[in-house]
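Participant: What follows is coords_21.cif, made up of mmCIF, C-alpha atoms:
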```cif
data_start
loop_
_atom_site.label_atom_id
_atom_site.label_comp_id
_atom_site.auth_asym_id
_atom_site.auth_seq_id
_atom_site.Cartn_x
_atom_site.Cartn_y
_atom_site.Cartn_z
CA MET A 1 -45.05 -46.85 -60.62
CA ASN A 2 -44.98 -48.51 -64.05
CA LEU A 3 -44.75 -46.61 -67.29
CA GLN A 4 -48.38 -47.12 -68.19
CA THR A 5 -49.84 -45.52 -65.08
CA GLN A 6 -47.33 -42.70 -65.36
CA ASN A 7 -48.61 -41.96 -68.85
CA ILE A 8 -52.27 -41.80 -67.95
CA LYS A 9 -51.90 -40.06 -64.60
CA PRO A 10 -53.66 -36.72 -65.08
CA MET A 11 -51.76 -33.50 -64.51
CA LYS A 12 -53.04 -30.23 -63.12
CA ILE A 13 -51.73 -26.67 -63.16
CA LYS A 14 -51.22 -25.62 -59.55
CA ASP A 15 -53.58 -23.12 -57.97
CA GLY A 16 -52.34 -19.54 -58.01
CA PHE A 17 -50.79 -19.51 -61.48
CA GLU A 18 -52.72 -17.29 -63.88
CA LEU A 19 -52.15 -16.35 -67.47
CA ARG A 20 -52.53 -12.58 -68.00
CA ASN A 21 -52.15 -10.57 -71.16
CA ILE A 22 -49.61 -7.88 -70.32
CA CYS A 23 -49.17 -5.48 -73.23
CA GLY A 24 -49.62 -8.27 -75.75
CA GLU A 25 -47.39 -10.80 -73.97
CA ASN A 26 -48.80 -13.95 -72.34
CA ILE A 27 -47.34 -13.74 -68.86
CA ILE A 28 -47.89 -16.19 -66.02
CA VAL A 29 -48.35 -14.43 -62.71
CA SER A 30 -48.39 -16.33 -59.45
CA HIS A 31 -50.21 -15.61 -56.24
CA GLY A 32 -51.19 -17.56 -53.15
CA ILE A 33 -49.37 -18.59 -50.00
CA GLU A 34 -47.84 -21.63 -51.71
CA ASN A 35 -46.31 -19.40 -54.41
CA ILE A 36 -44.82 -16.70 -52.17
CA ASP A 37 -41.29 -17.72 -53.13
CA PHE A 38 -42.04 -17.98 -56.85
CA VAL A 39 -40.45 -14.81 -58.22
CA LYS A 40 -39.96 -15.67 -61.89
CA VAL A 41 -41.79 -13.88 -64.68
CA ILE A 42 -42.60 -16.50 -67.34
CA SER A 43 -44.04 -15.68 -70.74
CA LEU A 44 -45.71 -18.19 -73.05
CA ASN A 45 -45.77 -18.06 -76.84
CA GLU A 46 -49.11 -18.13 -78.61
CA SER A 47 -49.43 -21.90 -78.98
CA ALA A 48 -48.35 -22.61 -75.39
CA ALA A 49 -50.89 -20.03 -74.20
CA LEU A 50 -53.59 -21.78 -76.24
CA VAL A 51 -52.74 -25.08 -74.56
CA TRP A 52 -52.64 -23.43 -71.14
CA ASN A 53 -56.10 -21.92 -71.56
CA ASN A 54 -57.50 -25.30 -72.57
CA VAL A 55 -56.16 -27.22 -69.59
CA VAL A 56 -55.95 -24.69 -66.72
CA GLY A 57 -58.16 -25.38 -63.71
CA LYS A 58 -58.77 -29.08 -64.43
CA ASP A 59 -57.12 -32.48 -64.58
CA PHE A 60 -55.66 -33.12 -68.00
CA THR A 61 -53.49 -35.52 -69.97
CA ILE A 62 -51.06 -34.99 -72.81
CA ASP A 63 -53.84 -36.04 -75.19
CA ASP A 64 -55.94 -33.05 -74.06
CA MET A 65 -53.01 -30.79 -74.86
CA VAL A 66 -52.49 -32.42 -78.26
CA SER A 67 -56.12 -32.01 -79.28
CA ALA A 68 -56.09 -28.35 -78.18
CA LEU A 69 -53.03 -27.74 -80.30
CA MET A 70 -54.38 -29.64 -83.34
CA SER A 71 -57.72 -27.81 -83.20
CA GLU A 72 -55.99 -24.50 -83.92
CA TYR A 73 -52.76 -25.38 -85.69
CA ASP A 74 -52.05 -27.33 -88.87
CA VAL A 75 -49.76 -29.88 -87.26
CA ASP A 76 -49.59 -33.69 -87.35
CA ALA A 77 -50.26 -35.74 -84.24
CA ASP A 78 -46.69 -36.93 -83.70
CA THR A 79 -45.23 -33.42 -83.90
CA ALA A 80 -47.96 -32.05 -81.63
CA LYS A 81 -47.33 -34.79 -79.08
CA GLY A 82 -43.59 -34.12 -79.16
CA ASP A 83 -44.16 -30.38 -78.66
CA CYS A 84 -46.60 -31.00 -75.82
CA GLN A 85 -44.15 -33.33 -74.09
CA THR A 86 -41.52 -30.58 -74.28
CA LEU A 87 -44.07 -28.16 -72.81
CA ILE A 88 -44.88 -30.60 -69.99
CA ASP A 89 -41.17 -30.97 -69.21
CA ASP A 90 -40.80 -27.17 -69.13
CA TRP A 91 -43.87 -26.68 -66.94
CA LYS A 92 -42.70 -29.39 -64.54
CA ARG A 93 -39.22 -27.87 -64.32
CA ILE A 94 -40.66 -24.40 -63.67
CA GLY A 95 -43.06 -25.79 -61.07
CA PHE A 96 -46.44 -25.11 -62.69
CA LEU A 97 -47.68 -28.71 -62.42
CA ASP A 98 -48.94 -30.74 -59.46
CA MET B 1 -63.54 11.39 -26.38
CA GLY B 2 -62.06 10.58 -29.76
CA THR B 3 -61.12 12.73 -32.72
CA THR B 4 -61.45 11.93 -36.41
CA LEU B 5 -59.28 13.30 -39.21
CA GLN B 6 -59.63 12.94 -42.94
CA TYR B 7 -56.89 12.89 -45.55
CA LYS B 8 -56.75 12.66 -49.32
CA VAL B 9 -53.76 11.11 -51.11
CA ALA B 10 -53.87 10.81 -54.91
CA HIS B 11 -57.58 11.75 -54.84
CA LEU B 12 -58.40 8.84 -52.51
CA SER B 13 -59.74 9.88 -49.09
CA PHE B 14 -59.38 8.00 -45.83
CA ARG B 15 -60.29 8.66 -42.21
CA ILE B 16 -58.17 8.17 -39.10
CA SER B 17 -59.95 8.07 -35.72
CA PHE B 18 -58.05 8.43 -32.47
CA ALA B 19 -60.12 6.52 -29.92
CA ASP B 20 -58.35 7.79 -26.84
CA GLY B 21 -56.08 10.64 -25.75
CA LYS B 22 -52.87 8.61 -25.87
CA ASN B 23 -52.32 9.13 -29.59
CA ASP B 24 -53.02 12.17 -31.76
CA LYS B 25 -52.32 13.87 -35.09
CA SER B 26 -48.93 15.13 -33.92
CA MET B 27 -47.80 11.56 -34.60
CA LEU B 28 -48.44 12.18 -38.31
CA PRO B 29 -46.05 15.06 -39.07
CA SER B 30 -45.93 14.34 -42.82
CA PHE B 31 -49.73 14.39 -43.23
CA PRO B 32 -50.81 18.07 -42.91
CA PRO B 33 -50.47 18.77 -46.68
CA PHE B 34 -52.99 15.97 -47.27
CA GLU B 35 -55.56 16.89 -44.60
CA THR B 36 -59.09 17.74 -45.72
CA GLU B 37 -62.41 18.53 -44.07
CA VAL B 38 -64.10 15.51 -42.51
CA ASP B 39 -67.22 14.68 -44.51
CA ASP B 40 -69.68 11.79 -44.70
CA GLN B 41 -68.69 10.62 -48.17
CA PRO B 42 -67.47 7.05 -48.75
CA VAL B 43 -63.73 6.69 -48.19
CA LEU B 44 -61.04 4.23 -49.23
CA PHE B 45 -60.66 3.05 -45.64
CA THR B 46 -61.19 4.01 -42.03
CA LEU B 47 -58.53 3.27 -39.43
CA THR B 48 -59.18 3.50 -35.71
CA VAL B 49 -56.18 4.04 -33.47
CA ASP B 50 -56.99 2.28 -30.21
CA ASP B 51 -54.27 0.92 -27.97
CA SER B 52 -56.76 -1.26 -26.12
CA ALA B 53 -57.69 -3.16 -29.31
CA LEU B 54 -56.23 -6.52 -28.40
CA PRO B 55 -56.85 -9.38 -30.78
CA PRO B 56 -58.61 -12.60 -29.78
CA HIS B 57 -56.15 -14.71 -31.75
CA LYS B 58 -53.62 -14.44 -34.54
CA GLY B 59 -55.12 -16.88 -37.00
CA ARG B 60 -53.11 -18.63 -39.67
CA GLU B 61 -49.60 -17.31 -40.25
CA ILE B 62 -48.86 -16.25 -43.84
CA GLY B 63 -45.27 -15.32 -43.20
CA GLN B 64 -42.77 -12.84 -41.81
CA PHE B 65 -41.79 -10.12 -44.26
CA ASP B 66 -38.72 -7.97 -43.83
CA THR B 67 -39.07 -4.61 -45.59
CA GLY B 68 -35.63 -3.37 -44.58
CA ALA B 69 -37.14 -0.79 -42.23
CA SER B 70 -39.48 -3.17 -40.41
CA ASN B 71 -40.60 -6.75 -40.07
CA ASN B 72 -44.25 -7.56 -40.67
CA GLY B 73 -45.77 -10.76 -39.38
CA VAL B 74 -48.93 -11.42 -41.39
CA TYR B 75 -51.83 -13.61 -40.25
CA ILE B 76 -55.21 -14.43 -41.78
CA THR B 77 -58.04 -14.74 -39.26
CA ASP B 78 -60.91 -17.22 -39.44
CA ASP B 79 -63.27 -14.59 -40.86
CA GLY B 80 -60.89 -13.83 -43.76
CA GLY B 81 -59.52 -10.66 -42.21
CA TYR B 82 -55.92 -9.79 -41.52
CA GLN B 83 -53.68 -9.21 -38.56
CA ILE B 84 -50.29 -7.63 -39.17
CA LEU B 85 -47.76 -7.34 -36.38
CA VAL B 86 -45.13 -4.70 -37.18
CA SER B 87 -41.71 -4.75 -35.54
CA ASP B 88 -39.23 -1.89 -35.91
CA VAL B 89 -35.55 -2.19 -36.88
CA CYS B 90 -34.68 -3.09 -33.28
CA ASN B 91 -37.19 -5.95 -33.57
CA ALA B 92 -39.44 -4.31 -30.98
CA LYS B 93 -43.14 -4.94 -31.59
CA CYS B 94 -44.70 -1.52 -32.06
CA CYS B 95 -47.94 -1.96 -33.95
CA LEU B 96 -50.74 -4.48 -34.40
CA ILE B 97 -53.10 -3.91 -37.32
CA GLN B 98 -56.42 -5.70 -37.56
CA ALA B 99 -58.23 -5.26 -40.87
CA ASN B 100 -61.05 -6.82 -42.84
CA SER B 101 -60.28 -8.76 -46.01
CA ASP B 102 -60.22 -5.75 -48.36
CA PHE B 103 -58.60 -3.37 -45.86
CA SER B 104 -61.56 -0.97 -45.97
CA VAL B 105 -61.88 -1.06 -42.17
CA GLY B 106 -59.00 -1.40 -39.74
CA THR B 107 -57.94 -0.92 -36.15
CA VAL B 108 -54.41 -0.38 -34.96
CA ALA B 109 -52.97 -0.74 -31.46
CA LEU B 110 -49.60 0.90 -30.80
CA ARG B 111 -46.87 -0.06 -28.34
CA GLY B 112 -43.64 1.33 -26.99
CA ASN B 113 -42.12 4.80 -26.83
CA ARG B 114 -43.25 7.71 -28.97
CA ASP B 115 -40.82 7.01 -31.84
CA MET B 116 -41.97 3.41 -32.03
CA ARG B 117 -45.64 4.35 -31.94
CA GLN B 118 -45.19 6.99 -34.61
CA PHE B 119 -43.29 4.53 -36.81
CA GLY B 120 -46.00 1.91 -36.28
CA LEU B 121 -48.88 4.26 -37.05
CA ASN B 122 -47.29 5.59 -40.25
CA ASN B 123 -46.62 2.03 -41.41
CA ALA B 124 -50.18 1.00 -40.61
CA ILE B 125 -51.66 3.84 -42.67
CA MET B 126 -49.33 3.11 -45.58
CA MET B 127 -50.31 -0.57 -45.62
CA MET B 128 -54.02 0.20 -45.30
CA TYR B 129 -53.71 2.62 -48.22
CA ALA B 130 -51.75 0.25 -50.48
CA PHE B 131 -53.89 -2.82 -49.82
CA ALA B 132 -57.27 -1.03 -49.90
CA SER B 133 -56.47 0.74 -53.19
CA ALA B 134 -54.99 -2.26 -55.04
CA ASP B 135 -58.16 -2.93 -57.02
CA LYS B 136 -58.78 0.77 -57.68
CA ASP B 137 -56.30 1.48 -60.50
CA THR B 138 -53.76 2.52 -57.88
CA LEU B 139 -50.19 1.51 -57.08
CA LEU B 140 -48.05 2.48 -54.10
CA MET B 141 -44.60 2.22 -55.62
CA HIS B 142 -41.05 2.18 -54.34
CA ALA B 143 -39.42 4.92 -56.41
CA SER B 144 -37.78 8.33 -56.39
CA VAL B 145 -39.72 10.84 -58.48
CA ILE B 146 -38.46 13.92 -60.33
CA ARG B 147 -40.64 16.55 -62.00
CA HIS B 148 -39.47 18.54 -65.01
CA ALA B 149 -41.63 20.87 -67.13
CA GLY B 150 -44.74 19.50 -65.43
CA ILE B 151 -43.95 15.84 -66.21
CA GLY B 152 -43.06 13.20 -63.61
CA TYR B 153 -40.25 10.67 -64.06
CA LEU B 154 -39.94 7.65 -61.76
CA PHE B 155 -36.64 5.98 -60.89
CA LEU B 156 -36.79 2.39 -59.72
CA GLY B 157 -34.38 -0.01 -58.07
CA VAL B 158 -33.95 -1.90 -54.84
CA SER B 159 -32.64 0.07 -51.87
CA GLY B 160 -29.02 1.04 -52.38
CA THR B 161 -29.05 1.22 -56.20
CA GLY B 162 -28.68 5.00 -56.19
CA LYS B 163 -32.23 6.23 -56.84
CA SER B 164 -31.86 9.16 -54.45
CA THR B 165 -28.35 9.92 -55.74
CA HIS B 166 -29.52 9.98 -59.34
CA THR B 167 -32.50 12.22 -58.62
CA ALA B 168 -30.33 14.48 -56.45
CA ASN B 169 -28.07 14.86 -59.49
CA TRP B 170 -31.08 15.84 -61.62
CA LEU B 171 -31.79 18.63 -59.11
CA LYS B 172 -28.16 19.69 -59.34
CA TYR B 173 -27.63 19.61 -63.10
CA ILE B 174 -31.05 20.09 -64.75
CA ASP B 175 -32.73 23.48 -64.42
CA GLY B 176 -36.41 23.55 -63.60
CA THR B 177 -36.38 20.20 -61.80
CA ASP B 178 -37.97 19.45 -58.45
CA LEU B 179 -38.35 16.33 -56.29
CA MET B 180 -41.92 15.03 -56.00
CA ASN B 181 -41.20 12.12 -53.65
CA ASP B 182 -38.11 10.12 -52.71
CA ASP B 183 -39.48 6.73 -51.69
CA ASN B 184 -43.18 5.91 -51.95
CA PRO B 185 -45.16 7.82 -54.58
CA VAL B 186 -48.64 6.79 -55.68
CA VAL B 187 -49.23 5.93 -59.34
CA ARG B 188 -52.73 5.84 -60.79
CA VAL B 189 -54.48 5.45 -64.10
CA VAL B 190 -56.99 8.29 -64.35
CA ASP B 191 -59.06 9.06 -67.46
CA GLY B 192 -56.73 6.99 -69.62
CA LYS B 193 -53.59 8.69 -68.34
CA ALA B 194 -50.84 7.45 -66.01
CA VAL B 195 -50.35 9.97 -63.20
CA VAL B 196 -47.88 10.12 -60.32
CA TYR B 197 -48.70 11.72 -56.96
CA GLY B 198 -46.69 12.82 -53.95
CA SER B 199 -47.58 11.11 -50.68
CA PRO B 200 -47.03 11.36 -46.90
CA TRP B 201 -44.46 8.56 -47.26
CA SER B 202 -41.02 9.47 -48.57
CA GLY B 203 -38.41 7.37 -46.76
CA LYS B 204 -35.45 9.19 -45.27
CA THR B 205 -36.02 12.36 -47.34
CA PRO B 206 -38.65 14.71 -45.91
CA CYS B 207 -40.57 15.38 -49.14
CA TYR B 208 -44.29 15.17 -48.43
CA ARG B 209 -45.96 17.07 -51.24
CA ASN B 210 -49.58 17.06 -52.29
CA ILE B 211 -48.81 17.40 -56.00
CA GLU B 212 -49.36 15.38 -59.16
CA ALA B 213 -47.97 15.09 -62.68
CA PRO B 214 -48.55 12.95 -65.75
CA ILE B 215 -45.90 10.24 -66.02
CA GLY B 216 -43.22 10.78 -68.65
CA GLY B 217 -41.43 7.50 -68.09
CA PHE B 218 -39.86 4.97 -65.73
CA VAL B 219 -36.16 4.28 -65.36
CA GLN B 220 -34.83 1.11 -63.77
CA LEU B 221 -31.43 1.96 -62.31
CA LYS B 222 -28.39 -0.24 -61.98
CA GLN B 223 -24.95 0.83 -60.84
CA ALA B 224 -22.22 0.27 -63.45
CA PRO B 225 -18.72 1.53 -64.27
CA TYR B 226 -20.19 3.29 -67.35
CA ASN B 227 -23.37 5.07 -68.49
CA LYS B 228 -25.74 3.33 -70.89
CA ILE B 229 -29.51 3.57 -71.39
CA SER B 230 -31.80 1.23 -73.33
CA ARG B 231 -35.51 0.63 -73.74
CA MET B 232 -36.81 -2.37 -71.79
CA SER B 233 -38.98 -5.11 -73.33
CA VAL B 234 -42.50 -5.80 -72.08
CA ILE B 235 -41.35 -8.75 -70.00
CA GLU B 236 -38.38 -6.86 -68.55
CA THR B 237 -40.62 -3.89 -67.73
CA PHE B 238 -43.20 -6.08 -66.00
CA ALA B 239 -40.42 -7.78 -64.02
CA SER B 240 -39.16 -4.33 -63.03
CA LEU B 241 -42.45 -2.54 -62.20
CA LEU B 242 -44.29 -5.33 -60.38
CA PRO B 243 -41.65 -5.87 -57.63
CA SER B 244 -41.56 -2.07 -57.16
CA CYS B 245 -45.21 -2.10 -56.02
CA SER B 246 -46.51 -2.75 -52.52
CA VAL B 247 -48.45 -5.97 -53.00
CA MET B 248 -49.66 -8.97 -51.02
CA LYS B 249 -48.73 -11.90 -53.22
CA TRP B 250 -50.89 -14.30 -51.24
CA ASP B 251 -54.06 -12.25 -51.74
CA ARG B 252 -55.66 -12.65 -55.19
CA ARG B 253 -57.77 -9.48 -55.05
CA ASP B 254 -54.72 -7.43 -54.19
CA TYR B 255 -52.22 -9.16 -56.47
CA ILE B 256 -54.33 -9.35 -59.62
CA GLY B 257 -55.47 -5.75 -59.06
CA VAL B 258 -51.85 -4.62 -58.94
CA CYS B 259 -50.88 -6.76 -61.98
CA ASP B 260 -53.71 -5.28 -64.03
CA THR B 261 -52.85 -1.72 -63.03
CA VAL B 262 -49.18 -2.32 -63.89
CA ASN B 263 -50.38 -3.59 -67.29
CA ARG B 264 -52.40 -0.42 -67.89
CA VAL B 265 -49.54 1.83 -66.73
CA MET B 266 -47.21 -0.05 -69.11
CA GLN B 267 -49.59 0.57 -72.03
CA LEU B 268 -49.38 4.31 -71.34
CA THR B 269 -45.68 4.80 -70.53
CA LYS B 270 -42.15 3.84 -71.53
CA THR B 271 -39.57 2.17 -69.31
CA PHE B 272 -35.81 2.41 -69.70
CA PHE B 273 -32.87 0.56 -68.16
CA LEU B 274 -30.08 2.88 -67.05
CA GLU B 275 -26.71 1.42 -66.15
CA ASN B 276 -25.00 4.35 -64.56
CA LEU B 277 -22.30 6.09 -62.61
CA PRO B 278 -23.33 8.65 -60.00
CA ASP B 279 -22.31 11.55 -62.27
CA GLU B 280 -23.59 14.38 -64.49
CA GLU B 281 -23.21 12.36 -67.71
CA ALA B 282 -25.69 9.78 -66.39
CA VAL B 283 -28.20 12.54 -65.63
CA GLN B 284 -27.82 14.13 -69.08
CA LEU B 285 -28.28 10.71 -70.69
CA SER B 286 -31.41 9.96 -68.71
CA PHE B 287 -32.78 13.51 -69.14
CA ASN B 288 -32.21 13.57 -72.91
CA THR B 289 -33.69 10.11 -73.42
CA LEU B 290 -36.78 10.75 -71.29
CA THR B 291 -37.57 14.23 -72.59
CA SER B 292 -36.97 13.38 -76.26
CA GLY B 293 -39.53 10.61 -75.76
CA GLN B 294 -41.95 13.32 -74.61
CA LYS B 295 -41.62 15.36 -77.76
CA SER B 296 -42.06 12.47 -80.20
#
```
What does this structure look like when you write it as structure tokens?
Facilitator:
Amino acid sequence: MNLQTQNIKPMKIKDGFELRNICGENIIVSHGIENIDFVKVISLNESAALVWNNVVGKDFTIDDMVSALMSEYDVDADTAKGDCQTLIDDWKRIGFLD
Amino acid sequence: MGTTLQYKVAHLSFRISFADGKNDKSMLPSFPPFETEVDDQPVLFTLTVDDSALPPHKGREIGQFDTGASNNGVYITDDGGYQILVSDVCNAKCCLIQANSDFSVGTVALRGNRDMRQFGLNNAIMMMYAFASADKDTLLMHASVIRHAGIGYLFLGVSGTGKSTHTANWLKYIDGTDLMNDDNPVVRVVDGKAVVYGSPWSGKTPCYRNIEAPIGGFVQLKQAPYNKISRMSVIETFASLLPSCSVMKWDRRDYIGVCDTVNRVMQLTKTFFLENLPDEEAVQLSFNTLTSGQKS
């Protein structure tokens, strides 16, 4: 796979991961047969939760995440893209993404 | 000729029907405090005990779950219902539960000697109760529960962390304390209050009491070579309370119902982390912390 196709390949949050507000914290809970062994409790900060809510349940690219972030926060495109890439790396490491 | 019995645990009623003469209410020795008149009102679930209820097929296997006291093989059938095959500690199959998707209607077939059948039936009722009530502001929790001055305090921790030892020390050192349940109490949110109830399930300690109390707090226990108590954060509390609840992680209705009830219970209560020795100082520390929280 070359770099170009890797960049445009859409991502998707796996079924069974849901963002719930638990006493003011944004916590990802996991259900479903495929997530039986997922025992972590992950919390998202406010901006990560905003991005999550904008991309959950559909195919998305990093550009979708960047525009979600820039629609709510006063941040330049390069910084937003860098932050979203960090978020993608975290989500991949945790196992949220297909 | 069958017989039907009705019980009420934590204000939720359910009916048990014995389809034949092979099984009867003497197999439910912890249930008499919870027995009520049989009426025609809607109930949480109905469970028919019928040894001839043999399943057509198992369906899709979800997994094998070891609870420490039993192994449960769980299968989803083509119509969305469940089959749960319970094996006892000796790995002898003693109970097959067939239930619809929300556990409002179930049938159980029992196998083996009387001890095995009794074990299987009690497990079946406990699972029916937990899974049918999950979206009704109700949690079946794994905890030891103490009552003091009319307030209930729940002690959490995996088996072997000293829950029973700690609560036994409350009984020994704190006047006016009694044990509400030693293993599986019911927790509910009722009229904006978190309430704990005794149940017919209490592990190795025979403590089957039809009583209730508002919740004064939760304590997550951990053995340590010292005594120290601290308030837990929201995330720590969630990570402590959720695994203490009977829940089917693969079933969204059940899992999200339990998560949302845990959230509401957390809004109404405080949770502490107690690193402790099995001694009087640990009890005084936990008593003083919990009851001072009541007065404030």
Participant: To one decimal in Å, tell me the separation between CA of Met232 (chain B) and CA of Ile211 (chain B).
Facilitator: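 Going from CA of Met232 (chain B) over to CA of Ile211 (chain B), I get 28.0 Å.
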Participant: Can you list what the PyMOL selection byres ((chain B and resi 244) around 8) grabs from this structure, as a list of chain:residue names?
Facilitator: B:Met141, B:His142, B:Ala143, B:Leu156, B:Gly157, B:Val158, B:Ser240, B:Leu241, B:Leu242, B:Pro243, B:Cys245, B:Ser246
Participant: For the structure provided, state which residues fall under the PyMOL selection byres ((chain B) within 10 of (chain A)), and present them as a list in words.
Facilitator: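 Applying the expression gives Glu61, Ile62, Gly63, Val234, Ile235, Glu236, Phe238, Ala239, Leu242, Pro243, Met248, Lys249, Trp250, Asp251, Arg252, Arg253, Asp254, Tyr255, Ile256, Cys259, Asp260, Val262, Asn263, Arg264, Val265, Met266, Gln267 and Leu268 of chain B.
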Participant: In Å, how far is it from CA of Ile88 (chain A) to CA of Glu72 (chain A)?
Facilitator: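 Pair CA of Ile88 (chain A) / CA of Glu72 (chain A) returns 18.8 Å.
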Participant: Which of these residues is nearest to Leu28 (chain B), using all atoms listed in the file: B:Leu290, B:Leu121, B:Val247, B:Met180?
Facilitator: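 Going through B:Leu290, B:Leu121, B:Val247, B:Met180 one by one, the smallest distance to Leu28 (chain B) is for B:Leu121.
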Participant: Which neighbours of Val219 (chain B) fall inside 10 Å, counting all atoms listed in the file, when residues of the same chain fewer than 3 positions from it are skipped, and could you give them as a ChimeraX atom specification?
Facilitator: /B:143-144,153-157,163,222,229-232,237,240-241,270-275,286,290
Participant: Find the residue from A:Lys9, A:Ile28, A:Ala77, A:Arg93 that sits nearest to Val56 (chain A); use all atoms listed in the file when measuring.
Facilitator: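 Looking only at the distances to Val56 (chain A), the closest residue turns out to be A:Ile28.
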Participant: Would you pick out the contacts of Val51 (chain A) at 8 Å or less, using only C-alpha atoms, so that residues sharing its chain but fewer than 5 positions from it are not included, and give the list as a ChimeraX atom specification?
Facilitator: /A:65,68-69
Participant: Could you dump the residues just selected with C-alpha atoms as a short mmCIF file (atom, residue, chain, number, x, y, z; two decimals), keeping the file's coordinate frame?
Facilitator:
```
data_model
loop_
_atom_site.label_atom_id
_atom_site.label_comp_id
_atom_site.auth_asym_id
_atom_site.auth_seq_id
_atom_site.Cartn_x
_atom_site.Cartn_y
_atom_site.Cartn_z
CA MET A 65 -53.01 -30.79 -74.86
CA ALA A 68 -56.09 -28.35 -78.18
CA LEU A 69 -53.03 -27.74 -80.30
#
```
